[in-house]
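K.L.:
Contents of coords01.csv (CSV, C-alpha atoms) are given next:
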chain,number,residue,atom,x,y,z
A,802,MET,CA,150.3,83.4,60.8
A,803,THR,CA,149.2,83.3,64.4
A,804,GLU,CA,145.6,84.5,64.9
A,805,PRO,CA,145.1,87.5,67.2
A,806,VAL,CA,144.4,86.5,70.8
A,807,LEU,CA,141.1,88.5,71.0
A,808,SER,CA,138.5,87.0,68.7
A,809,ARG,CA,135.4,88.4,70.3
A,810,ARG,CA,133.8,91.0,68.0
A,811,ASN,CA,132.9,93.6,70.6
A,812,ALA,CA,136.0,93.2,72.8
A,813,ASP,CA,137.2,96.2,74.7
A,814,LYS,CA,140.9,96.8,75.4
A,815,PRO,CA,142.1,94.3,78.0
A,816,VAL,CA,143.4,95.5,81.4
A,817,LEU,CA,146.6,94.2,83.0
A,818,ILE,CA,147.1,94.2,86.7
A,819,ALA,CA,150.8,94.1,87.4
A,820,SER,CA,152.4,94.1,90.9
A,821,HIS,CA,155.0,92.7,93.1
A,822,PRO,CA,153.5,89.7,95.0
A,823,ARG,CA,151.4,90.5,98.0
A,824,SER,CA,150.7,94.1,96.9
A,825,GLY,CA,146.9,93.8,96.5
A,826,THR,CA,146.8,92.2,93.1
A,827,HIS,CA,143.7,90.2,93.7
A,828,LEU,CA,142.0,93.0,95.5
A,829,VAL,CA,142.2,95.1,92.3
A,830,ILE,CA,141.2,92.2,90.1
A,831,ASP,CA,138.1,91.6,92.2
A,832,LEU,CA,137.3,95.3,92.4
A,833,LEU,CA,137.3,95.5,88.6
A,834,ARG,CA,135.1,92.4,88.4
A,835,ARG,CA,132.7,93.9,90.9
A,836,GLN,CA,132.5,97.4,89.6
A,837,PHE,CA,132.8,97.2,85.8
A,838,SER,CA,130.4,95.1,83.9
A,839,SER,CA,132.8,94.6,80.9
A,840,THR,CA,135.1,92.5,83.0
A,841,ARG,CA,132.5,89.9,84.2
A,842,ASN,CA,133.7,86.4,83.7
A,843,TRP,CA,132.8,82.9,84.9
A,844,ARG,CA,134.2,79.4,84.9
A,845,TRP,CA,132.7,76.0,85.7
A,846,TRP,CA,132.2,74.9,89.3
A,847,GLY,CA,135.3,73.5,90.9
A,848,LEU,CA,137.8,74.9,88.5
A,849,PRO,CA,140.6,77.1,89.9
A,850,LEU,CA,139.8,80.8,90.5
A,851,ASP,CA,142.4,81.9,88.0
A,852,HIS,CA,140.1,80.8,85.2
A,853,LEU,CA,138.3,84.2,85.9
A,854,TYR,CA,141.3,86.2,84.7
A,855,LEU,CA,144.5,85.2,82.9
A,856,ASN,CA,147.7,84.8,84.9
A,857,LEU,CA,150.4,85.5,82.3
A,858,GLU,CA,152.9,83.3,84.2
A,859,ARG,CA,150.8,80.2,83.5
A,860,LEU,CA,151.2,80.6,79.7
A,861,GLU,CA,154.7,79.2,79.8
A,862,SER,CA,154.9,77.7,83.3
A,863,ARG,CA,156.6,74.4,83.8
A,864,ASN,CA,154.3,73.2,86.5
A,865,ARG,CA,151.0,75.0,86.0
A,866,HIS,CA,150.8,75.4,82.3
A,867,PHE,CA,147.7,76.8,80.6
A,868,PRO,CA,147.2,75.4,77.1
A,869,GLU,CA,146.7,78.1,74.4
A,870,ALA,CA,143.1,77.1,73.8
A,871,LEU,CA,142.2,77.5,77.5
A,872,ALA,CA,144.0,80.8,77.8
A,873,ARG,CA,142.1,82.2,74.7
A,874,ARG,CA,138.7,81.0,76.1
A,875,ILE,CA,139.5,82.9,79.4
A,876,VAL,CA,140.3,86.2,77.7
A,877,ASN,CA,137.4,86.0,75.2
A,878,ARG,CA,134.6,85.3,77.6
A,879,PRO,CA,134.3,88.8,79.1
A,880,ARG,CA,134.0,91.9,77.0
A,881,ARG,CA,137.2,93.2,78.7
A,882,ALA,CA,139.8,90.6,79.6
A,883,ILE,CA,141.7,90.9,82.9
A,884,LEU,CA,145.3,89.9,82.8
A,885,LYS,CA,147.6,89.5,85.8
A,886,THR,CA,151.3,89.3,86.3
A,887,HIS,CA,154.2,89.5,88.8
A,888,PHE,CA,156.7,89.6,85.9
A,889,GLN,CA,159.2,92.4,85.8
A,890,ALA,CA,158.4,95.2,83.3
A,891,ASP,CA,160.6,93.7,80.7
A,892,PHE,CA,159.2,90.2,81.3
A,893,ALA,CA,162.7,88.9,82.0
A,894,ALA,CA,161.8,87.2,85.3
A,895,SER,CA,158.9,86.7,87.7
A,896,TRP,CA,158.7,85.9,91.4
A,897,VAL,CA,159.7,82.2,91.1
A,898,GLU,CA,162.0,80.5,88.5
A,899,GLU,CA,159.4,78.0,87.2
A,900,GLU,CA,157.1,80.8,86.2
A,901,SER,CA,159.7,83.1,84.6
A,902,ARG,CA,159.4,82.1,80.9
A,903,ALA,CA,158.1,85.1,79.0
A,904,PRO,CA,154.7,84.9,77.2
A,905,ALA,CA,154.8,84.4,73.4
A,906,ARG,CA,154.7,87.5,71.2
A,907,PRO,CA,150.9,87.5,70.6
A,908,TRP,CA,150.3,87.7,74.4
A,909,LEU,CA,152.9,90.5,74.8
A,910,ASP,CA,151.1,92.3,71.9
A,911,LEU,CA,147.8,91.9,73.8
A,912,VAL,CA,149.4,93.6,76.9
A,913,ASP,CA,150.9,96.4,74.8
A,914,GLY,CA,147.4,97.0,73.2
A,915,GLY,CA,145.6,97.2,76.6
A,916,GLN,CA,145.7,99.3,79.7
A,917,THR,CA,148.1,98.5,82.6
A,918,PHE,CA,147.5,99.3,86.2
A,919,TYR,CA,150.5,98.8,88.5
A,920,ILE,CA,149.7,98.3,92.2
A,921,VAL,CA,152.2,99.6,94.7
A,922,ARG,CA,152.1,99.1,98.5
A,923,HIS,CA,154.3,100.0,101.4
A,924,PRO,CA,157.4,97.9,100.9
A,925,LEU,CA,157.6,96.5,104.4
A,926,ASP,CA,153.9,95.6,104.5
A,927,VAL,CA,154.6,93.8,101.2
A,928,MET,CA,157.6,92.0,102.7
A,929,ALA,CA,155.7,91.0,105.8
A,930,SER,CA,152.9,89.4,103.8
A,931,TYR,CA,155.4,87.9,101.3
A,932,HIS,CA,157.4,86.3,104.1
A,933,GLN,CA,154.2,84.9,105.6
A,934,PHE,CA,153.0,83.6,102.3
A,935,MET,CA,156.3,82.0,101.2
A,936,ALA,CA,156.8,80.4,104.6
A,937,GLY,CA,153.8,78.2,103.9
A,938,PHE,CA,155.5,76.3,101.1
A,939,ASP,CA,159.2,77.0,101.4
A,940,ALA,CA,160.9,75.6,104.5
A,941,ASP,CA,164.0,77.7,103.9
A,942,VAL,CA,162.0,80.9,104.1
A,943,ALA,CA,160.1,79.6,107.1
A,944,ARG,CA,163.4,79.4,109.0
A,945,LEU,CA,164.3,83.0,108.2
A,946,SER,CA,163.6,85.9,110.6
A,947,PHE,CA,161.8,88.8,109.0
A,948,ALA,CA,165.0,90.9,109.0
A,949,ASP,CA,166.9,88.1,107.3
A,950,PHE,CA,164.1,87.6,104.7
A,951,LEU,CA,164.5,91.2,103.5
A,952,THR,CA,168.1,90.6,102.5
A,953,SER,CA,167.7,87.0,101.4
A,954,PRO,CA,168.5,86.5,97.7
A,955,HIS,CA,165.8,86.5,95.0
A,956,TRP,CA,165.9,83.3,93.0
A,957,SER,CA,167.6,85.0,90.1
A,958,GLY,CA,170.7,85.8,92.2
A,959,GLU,CA,170.8,89.3,90.8
A,960,THR,CA,169.7,91.0,94.0
A,961,ASP,CA,167.9,90.4,97.3
A,962,ARG,CA,164.1,90.7,98.2
A,963,LEU,CA,164.2,94.5,98.8
A,964,GLY,CA,166.3,95.1,95.7
A,965,TRP,CA,163.9,93.1,93.5
A,966,TRP,CA,160.9,95.1,94.9
A,967,ARG,CA,162.7,98.3,94.1
A,968,ALA,CA,163.6,97.2,90.5
A,969,HIS,CA,160.0,95.9,90.0
A,970,VAL,CA,158.4,99.2,91.0
A,971,GLU,CA,160.8,101.3,89.0
A,972,GLY,CA,160.6,99.2,85.9
A,973,TRP,CA,156.8,99.2,85.7
A,974,GLU,CA,156.4,102.8,86.6
A,975,ALA,CA,158.7,103.7,83.7
A,976,ARG,CA,156.6,101.9,81.1
A,977,PRO,CA,154.5,104.2,78.9
A,978,SER,CA,150.8,104.6,79.8
A,979,VAL,CA,151.1,102.6,83.0
A,980,LYS,CA,148.7,103.9,85.7
A,981,VAL,CA,150.0,103.4,89.3
A,982,LEU,CA,147.4,102.7,92.0
A,983,ARG,CA,148.5,102.8,95.6
A,984,TYR,CA,147.1,99.9,97.7
A,985,GLU,CA,146.4,102.1,100.6
A,986,ASP,CA,144.2,104.4,98.5
A,987,ILE,CA,142.3,101.5,97.1
A,988,VAL,CA,141.4,100.4,100.6
A,989,LYS,CA,140.9,103.8,102.2
A,990,ARG,CA,140.0,106.1,99.3
A,991,THR,CA,138.1,103.6,97.2
A,992,ASP,CA,135.6,106.0,95.6
A,993,ALA,CA,138.4,108.3,94.4
A,994,THR,CA,140.4,105.3,93.1
A,995,LEU,CA,137.4,104.1,91.2
A,996,SER,CA,137.0,107.5,89.6
A,997,ARG,CA,140.6,107.3,88.3
A,998,ILE,CA,139.9,103.8,86.9
A,999,GLU,CA,136.7,105.0,85.3
A,1000,GLU,CA,138.5,107.9,83.6
A,1001,THR,CA,141.3,105.6,82.4
A,1002,LEU,CA,139.0,102.8,81.0
A,1003,GLY,CA,136.4,105.2,79.7
A,1004,GLU,CA,133.7,103.1,81.4
A,1005,LYS,CA,131.3,103.9,84.2
A,1006,ARG,CA,131.3,101.7,87.3
A,1007,THR,CA,128.2,99.8,88.3
A,1008,GLY,CA,128.0,101.5,91.7
A,1009,ARG,CA,127.7,98.2,93.5
A,1010,THR,CA,127.9,98.6,97.3
A,1011,PRO,CA,130.0,98.0,99.3
A,1012,LEU,CA,132.5,99.3,96.9
A,1013,LEU,CA,135.2,96.8,97.8
A,1014,PRO,CA,134.8,93.1,97.4
A,1015,PRO,CA,134.5,91.1,100.6
A,1016,LYS,CA,137.8,90.1,102.3
A,1017,ILE,CA,138.3,86.3,102.4
A,1018,THR,CA,140.6,85.1,105.3
A,1019,SER,CA,139.6,81.5,105.4
A,1020,ILE,CA,141.1,78.8,103.1
A,1021,THR,CA,137.9,76.8,103.7
A,1022,ARG,CA,135.7,79.7,102.5
A,1023,THR,CA,137.8,79.9,99.3
A,1024,ARG,CA,137.4,76.2,98.6
A,1025,LEU,CA,133.7,76.4,99.2
A,1026,ASP,CA,133.2,79.3,96.9
A,1027,ARG,CA,135.3,77.6,94.3
A,1028,LEU,CA,132.9,74.5,94.4
A,1029,THR,CA,129.6,76.3,94.7
A,1030,ARG,CA,129.8,79.5,92.6
A,1031,LEU,CA,130.5,80.2,89.0
A,1032,SER,CA,132.0,83.6,89.7
A,1033,PRO,CA,133.1,84.1,93.4
A,1034,ASP,CA,133.5,87.6,94.7
A,1035,SER,CA,137.1,87.0,95.7
A,1036,THR,CA,140.0,85.4,93.8
A,1037,GLY,CA,142.4,86.1,96.7
A,1038,ILE,CA,145.2,83.7,97.7
A,1039,VAL,CA,144.9,83.2,101.4
A,1040,ALA,CA,148.1,82.6,103.5
A,1041,ASP,CA,148.1,80.2,106.4
A,1042,ARG,CA,147.8,82.9,109.1
A,1043,GLU,CA,147.6,80.5,112.0
A,1044,ALA,CA,150.8,78.5,111.2
A,1045,PHE,CA,152.7,81.5,109.9
A,1046,PRO,CA,151.5,84.8,111.4
A,1047,ALA,CA,152.8,87.9,109.6
A,1048,ALA,CA,155.6,89.8,111.3
A,1049,ARG,CA,154.8,93.3,112.6
A,1050,TRP,CA,157.8,95.1,111.1
A,1051,GLN,CA,157.4,98.1,113.4
A,1052,GLU,CA,158.1,95.8,116.3
A,1053,VAL,CA,160.7,93.4,115.0
A,1054,LEU,CA,163.0,95.7,113.1
A,1055,ASP,CA,165.4,97.8,115.1
A,1056,GLN,CA,166.5,101.3,114.2
A,1057,ALA,CA,169.6,100.1,112.4
A,1058,ALA,CA,167.5,97.9,110.2
A,1059,LEU,CA,165.0,100.7,109.4
A,1060,ASP,CA,167.8,103.0,108.6
A,1061,ALA,CA,169.2,100.5,106.2
A,1062,VAL,CA,165.8,100.2,104.5
A,1063,ALA,CA,165.5,104.0,104.3
A,1064,THR,CA,169.0,104.3,102.7
A,1065,ARG,CA,168.1,101.8,100.0
A,1066,LEU,CA,164.5,102.8,99.3
A,1067,SER,CA,164.4,106.5,100.1
A,1068,PRO,CA,163.5,107.8,96.6
A,1069,LEU,CA,160.5,105.4,96.3
A,1070,LEU,CA,159.4,105.9,99.9
A,1071,ASP,CA,159.3,109.7,99.2
A,1072,ARG,CA,157.7,109.2,95.8
A,1073,PHE,CA,154.8,107.2,97.1
A,1074,GLY,CA,154.4,108.9,100.5
A,1075,TYR,CA,155.6,106.0,102.7
A,1076,GLY,CA,157.2,106.4,106.1
A,1077,LEU,CA,159.1,104.0,108.3
A,1078,THR,CA,158.5,105.8,111.5
A,1079,GLY,CA,155.6,108.0,112.6
A,1080,GLU,CA,153.1,108.4,109.9
A,1081,LYS,CA,153.3,105.3,107.7
A,1082,VAL,CA,151.2,106.5,104.8
A,1083,ARG,CA,151.0,110.2,103.7
A,1084,PRO,CA,148.6,111.7,101.2
A,1085,TRP,CA,149.7,111.0,97.7
A,1086,PRO,CA,148.7,113.2,94.8
A,1087,ALA,CA,149.2,110.6,92.0
Represent the structure contained in this file as structure tokens.

P.N.:
Amino acid sequence: MTEPVLSRRNADKPVLIASHPRSGTHLVIDLLRRQFSSTRNWRWWGLPLDHLYLNLERLESRNRHFPEALARRIVNRPRRAILKTHFQADFAASWVEEESRAPARPWLDLVDGGQTFYIVRHPLDVMASYHQFMAGFDADVARLSFADFLTSPHWSGETDRLGWWRAHVEGWEARPSVKVLRYEDIVKRTDATLSRIEETLGEKRTGRTPLLPPKITSITRTRLDRLTRLSPDSTGIVADREAFPAARWQEVLDQAALDAVATRLSPLLDRFGYGLTGEKVRPWPA
């Protein structure tokens, strides 16, 4: 019989941070690490930053596989393990094909026994960052205009980029006990967001200031922190902003393109208080 994943005696329920790529995943991971003592983790100097949390995609990844023993060490170091995923809510597929094999049953049981926070962000801000990020390693994406990227196919062939975003959000929001956090509130209403997290986890924050972790925009800084610190403040993945600047969708999409986005995403735009013209983000009583 497979041993339970959590072997630490005083382990709290783990927390899963789920999101579509480029929605603020690492911001929330680092906010939890900064503000809740139960999540404090460390790894040896020089090791990748995803040894500070467990990326569920790496459990069965073809190219970046985490051995079972390593994965168990990562989740048992802190009192409360942080897990991260870009999988769909049913774990049928993730953002790239090579990271789309679902975790084994003990790991899915760990997810089911913990608390999930789903991070949602304005879809066109997500797509602008996603396009920028993918252009750095995918020549086909780099050749696409932003408008064409929105309707380019997801690797699964089931839908396009916007369609996969919609399915991703709807799937996770429908899962029982999932708490949705809006990226814009995390950034602009951090104190209120932390109060929601405190209530959900049943744990008081440390009150460390500034509330948010520092924003890292330099790949060089990320590499230096990785080499010199056991637990860097940021685990963020930095895009190559100089070579691939993010599109300003308000400037590059014409009205016809915005109308098409509104037609496809209207229920979710209304649900989360997002606009395509005028006020981009409205108050959201989650």

K.L.:
Calculated over all atoms listed in the file, which of the candidates A:Val1039, A:Leu925, A:Val1082, A:Leu860 has the smallest distance to Lys989 in chain A?

P.N.:
A:Val1082

K.L.:
Find the residue from A:Phe1045, A:Glu1000, A:Ile1020, A:Phe867 that sits nearest to Asp939 in chain A; use only C-alpha atoms when measuring.

P.N.:
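Answer, going by the shortest atom-to-atom distance: A:Phe1045.
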
K.L.:
For Leu1054 in chain A, which residue out of A:Leu995, A:Ala948, A:Met928, A:Val806 is the nearest one, using all atoms listed in the file?

P.N.:
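Of A:Leu995, A:Ala948, A:Met928, A:Val806, the one nearest Leu1054 in chain A, counting all atoms listed in the file, is A:Ala948.
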
K.L.:
Nearest to Thr1036 in chain A: which of A:Ser824, A:Ser996, A:Thr1023, A:Gln916 is it, counting all atoms listed in the file?

P.N.:
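Residue with the minimum atom-to-atom distance to Thr1036 in chain A: A:Thr1023.
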
K.L.:
Tell me which protein, DNA and RNA residues are within 8 Å of Trp966 in chain A, counting all atoms listed in the file, leaving out same-chain ones fewer than 4 positions away, and put them as a list of chain:residue names.

P.N.:
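So, after excluding close chain neighbours, the residues are A:His821, A:Pro924, A:Arg962, A:Val970.
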
K.L.:
Go ahead and save the residues from that selection, with C-alpha atoms, as a JSON list (two decimals), in the frame of the given file.

P.N.:
[["chain", "number", "residue", "atom", "x", "y", "z"],
["A", 821, "HIS", "CA", 155.00, 92.70, 93.10],
["A", 924, "PRO", "CA", 157.40, 97.90, 100.90],
["A", 962, "ARG", "CA", 164.10, 90.70, 98.20],
["A", 970, "VAL", "CA", 158.40, 99.20, 91.00]]

K.L.:
Using only C-alpha atoms, find the one residue out of A:Ala872, A:Arg810, A:Thr886, A:Ser839 that sits nearest to Leu857 in chain A.

P.N.:
A:Thr886

K.L.:
From the set A:Glu900, A:Asp831, A:Asp813, A:Asp961, which residue has the shortest atom-to-atom contact distance to Asn856 in chain A, counting only C-alpha atoms?

P.N.:
A:Glu900

K.L.:
Quick one: pull the distance between CA of Pro977 in chain A and CA of Gly1003 in chain A, Å, one decimal.

P.N.:
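Atom-to-atom, CA of Pro977 in chain A and CA of Gly1003 in chain A are spaced 18.1 Å apart.
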
K.L.:
Quick one: distance from CA of Arg841 in chain A to CA of Val897 in chain A in Å, one decimal?

P.N.:
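Calculated distance between CA of Arg841 in chain A and CA of Val897 in chain A is 29.1 Å.
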
K.L.:
Applying 10 Å and all atoms listed in the file, which residues near Ser862 in chain A remain after dropping the ones on its own chain fewer than 2 positions away? List them as a JSON list (two decimals) with C-alpha atoms, keeping the file's coordinate frame.

P.N.:
[["chain", "number", "residue", "atom", "x", "y", "z"],
["A", 857, "LEU", "CA", 150.40, 85.50, 82.30],
["A", 858, "GLU", "CA", 152.90, 83.30, 84.20],
["A", 859, "ARG", "CA", 150.80, 80.20, 83.50],
["A", 860, "LEU", "CA", 151.20, 80.60, 79.70],
["A", 864, "ASN", "CA", 154.30, 73.20, 86.50],
["A", 865, "ARG", "CA", 151.00, 75.00, 86.00],
["A", 866, "HIS", "CA", 150.80, 75.40, 82.30],
["A", 867, "PHE", "CA", 147.70, 76.80, 80.60],
["A", 898, "GLU", "CA", 162.00, 80.50, 88.50],
["A", 899, "GLU", "CA", 159.40, 78.00, 87.20],
["A", 900, "GLU", "CA", 157.10, 80.80, 86.20],
["A", 901, "SER", "CA", 159.70, 83.10, 84.60],
["A", 902, "ARG", "CA", 159.40, 82.10, 80.90],
["A", 903, "ALA", "CA", 158.10, 85.10, 79.00],
["A", 904, "PRO", "CA", 154.70, 84.90, 77.20]]

K.L.:
State, in Å with one decimal place, the distance from CA of Ser1032 in chain A to CA of Ser1019 in chain A.

P.N.:
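Going from CA of Ser1032 in chain A over to CA of Ser1019 in chain A, I get 17.6 Å.
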
K.L.:
Skipping near chain neighbours, those fewer than 5 positions away, what residues fall within 9 Å of Leu1070 in chain A using all atoms listed in the file, listed as a PyMOL selection string?

P.N.:
chain A and resi 923-924+1063+1075-1077

K.L.:
Place all heavy atoms on range 915-926 of chain A and deliver the coordinates as an mmCIF file, in the coordinates of the input.

P.N.:
data_model
loop_
_atom_site.group_PDB
_atom_site.id
_atom_site.type_symbol
_atom_site.label_atom_id
_atom_site.label_comp_id
_atom_site.auth_asym_id
_atom_site.auth_seq_id
_atom_site.Cartn_x
_atom_site.Cartn_y
_atom_site.Cartn_z
ATOM 1 N N GLY A 915 146.622 96.994 75.507
ATOM 2 C CA GLY A 915 145.600 97.200 76.600
ATOM 3 C C GLY A 915 146.070 98.312 77.523
ATOM 4 O O GLY A 915 146.949 99.123 77.234
ATOM 5 N N GLN A 916 145.426 98.339 78.681
ATOM 6 C CA GLN A 916 145.700 99.300 79.700
ATOM 7 C C GLN A 916 146.341 98.572 80.916
ATOM 8 O O GLN A 916 145.799 97.562 81.366
ATOM 9 C CB GLN A 916 144.476 100.049 80.181
ATOM 10 C CG GLN A 916 144.694 100.964 81.370
ATOM 11 C CD GLN A 916 145.716 102.061 81.072
ATOM 12 O OE1 GLN A 916 145.580 102.791 80.102
ATOM 13 N NE2 GLN A 916 146.740 102.176 81.909
ATOM 14 N N THR A 917 147.451 99.078 81.420
ATOM 15 C CA THR A 917 148.100 98.500 82.600
ATOM 16 C C THR A 917 147.923 99.333 83.813
ATOM 17 O O THR A 917 148.163 100.549 83.780
ATOM 18 C CB THR A 917 149.616 98.271 82.323
ATOM 19 O OG1 THR A 917 149.793 97.357 81.239
ATOM 20 C CG2 THR A 917 150.312 97.720 83.559
ATOM 21 N N PHE A 918 147.498 98.704 84.885
ATOM 22 C CA PHE A 918 147.500 99.300 86.200
ATOM 23 C C PHE A 918 148.587 98.615 87.026
ATOM 24 O O PHE A 918 148.606 97.378 87.105
ATOM 25 C CB PHE A 918 146.161 99.164 86.915
ATOM 26 C CG PHE A 918 145.053 99.971 86.313
ATOM 27 C CD1 PHE A 918 144.075 99.368 85.538
ATOM 28 C CD2 PHE A 918 144.984 101.341 86.516
ATOM 29 C CE1 PHE A 918 143.048 100.102 84.979
ATOM 30 C CE2 PHE A 918 143.958 102.092 85.954
ATOM 31 C CZ PHE A 918 142.985 101.476 85.190
ATOM 32 N N TYR A 919 149.468 99.391 87.618
ATOM 33 C CA TYR A 919 150.500 98.800 88.500
ATOM 34 C C TYR A 919 150.123 99.138 89.945
ATOM 35 O O TYR A 919 149.843 100.289 90.281
ATOM 36 C CB TYR A 919 151.884 99.375 88.190
ATOM 37 C CG TYR A 919 152.946 98.700 89.025
ATOM 38 C CD1 TYR A 919 153.401 97.426 88.692
ATOM 39 C CD2 TYR A 919 153.454 99.296 90.167
ATOM 40 C CE1 TYR A 919 154.348 96.775 89.467
ATOM 41 C CE2 TYR A 919 154.404 98.663 90.954
ATOM 42 C CZ TYR A 919 154.843 97.395 90.601
ATOM 43 O OH TYR A 919 155.765 96.740 91.376
ATOM 44 N N ILE A 920 150.127 98.111 90.807
ATOM 45 C CA ILE A 920 149.700 98.300 92.200
ATOM 46 C C ILE A 920 150.978 98.367 93.066
ATOM 47 O O ILE A 920 151.806 97.447 93.081
ATOM 48 C CB ILE A 920 148.854 97.098 92.672
ATOM 49 C CG1 ILE A 920 147.810 96.738 91.614
ATOM 50 C CG2 ILE A 920 148.208 97.445 94.007
ATOM 51 C CD1 ILE A 920 146.941 97.877 91.164
ATOM 52 N N VAL A 921 151.123 99.462 93.775
ATOM 53 C CA VAL A 921 152.200 99.600 94.700
ATOM 54 C C VAL A 921 151.694 99.666 96.124
ATOM 55 O O VAL A 921 150.588 100.161 96.370
ATOM 56 C CB VAL A 921 153.032 100.926 94.370
ATOM 57 C CG1 VAL A 921 152.216 102.179 94.641
ATOM 58 C CG2 VAL A 921 154.347 100.958 95.141
ATOM 59 N N ARG A 922 152.489 99.127 97.046
ATOM 60 C CA ARG A 922 152.100 99.100 98.500
ATOM 61 C C ARG A 922 153.330 99.323 99.298
ATOM 62 O O ARG A 922 154.467 99.111 98.857
ATOM 63 C CB ARG A 922 151.516 97.677 98.759
ATOM 64 C CG ARG A 922 150.971 97.479 100.173
ATOM 65 C CD ARG A 922 150.526 96.034 100.370
ATOM 66 N NE ARG A 922 149.949 95.818 101.693
ATOM 67 C CZ ARG A 922 149.618 94.623 102.182
ATOM 68 N NH1 ARG A 922 149.820 93.522 101.460
ATOM 69 N NH2 ARG A 922 149.099 94.517 103.390
ATOM 70 N N HIS A 923 153.133 99.783 100.525
ATOM 71 C CA HIS A 923 154.300 100.000 101.400
ATOM 72 C C HIS A 923 155.185 98.804 101.405
ATOM 73 O O HIS A 923 154.743 97.679 101.650
ATOM 74 C CB HIS A 923 153.758 100.271 102.848
ATOM 75 C CG HIS A 923 154.796 100.830 103.769
ATOM 76 N ND1 HIS A 923 155.922 100.119 104.134
ATOM 77 C CD2 HIS A 923 154.880 102.036 104.399
ATOM 78 C CE1 HIS A 923 156.661 100.855 104.952
ATOM 79 N NE2 HIS A 923 156.051 102.025 105.120
ATOM 80 N N PRO A 924 156.478 99.007 101.101
ATOM 81 C CA PRO A 924 157.400 97.900 100.900
ATOM 82 C C PRO A 924 157.488 96.914 102.093
ATOM 83 O O PRO A 924 157.606 95.693 101.901
ATOM 84 C CB PRO A 924 158.705 98.492 100.547
ATOM 85 C CG PRO A 924 158.616 99.897 101.053
ATOM 86 C CD PRO A 924 157.191 100.282 100.907
ATOM 87 N N LEU A 925 157.440 97.436 103.301
ATOM 88 C CA LEU A 925 157.600 96.500 104.400
ATOM 89 C C LEU A 925 156.282 95.795 104.739
ATOM 90 O O LEU A 925 156.316 94.673 105.245
ATOM 91 C CB LEU A 925 158.062 97.321 105.675
ATOM 92 C CG LEU A 925 159.498 97.835 105.553
ATOM 93 C CD1 LEU A 925 159.952 98.491 106.856
ATOM 94 C CD2 LEU A 925 160.479 96.722 105.155
ATOM 95 N N ASP A 926 155.154 96.368 104.404
ATOM 96 C CA ASP A 926 153.900 95.600 104.500
ATOM 97 C C ASP A 926 153.904 94.489 103.428
ATOM 98 O O ASP A 926 153.449 93.372 103.683
ATOM 99 C CB ASP A 926 152.696 96.529 104.240
ATOM 100 C CG ASP A 926 152.413 97.442 105.417
ATOM 101 O OD1 ASP A 926 152.972 97.198 106.517
ATOM 102 O OD2 ASP A 926 151.654 98.401 105.258
#
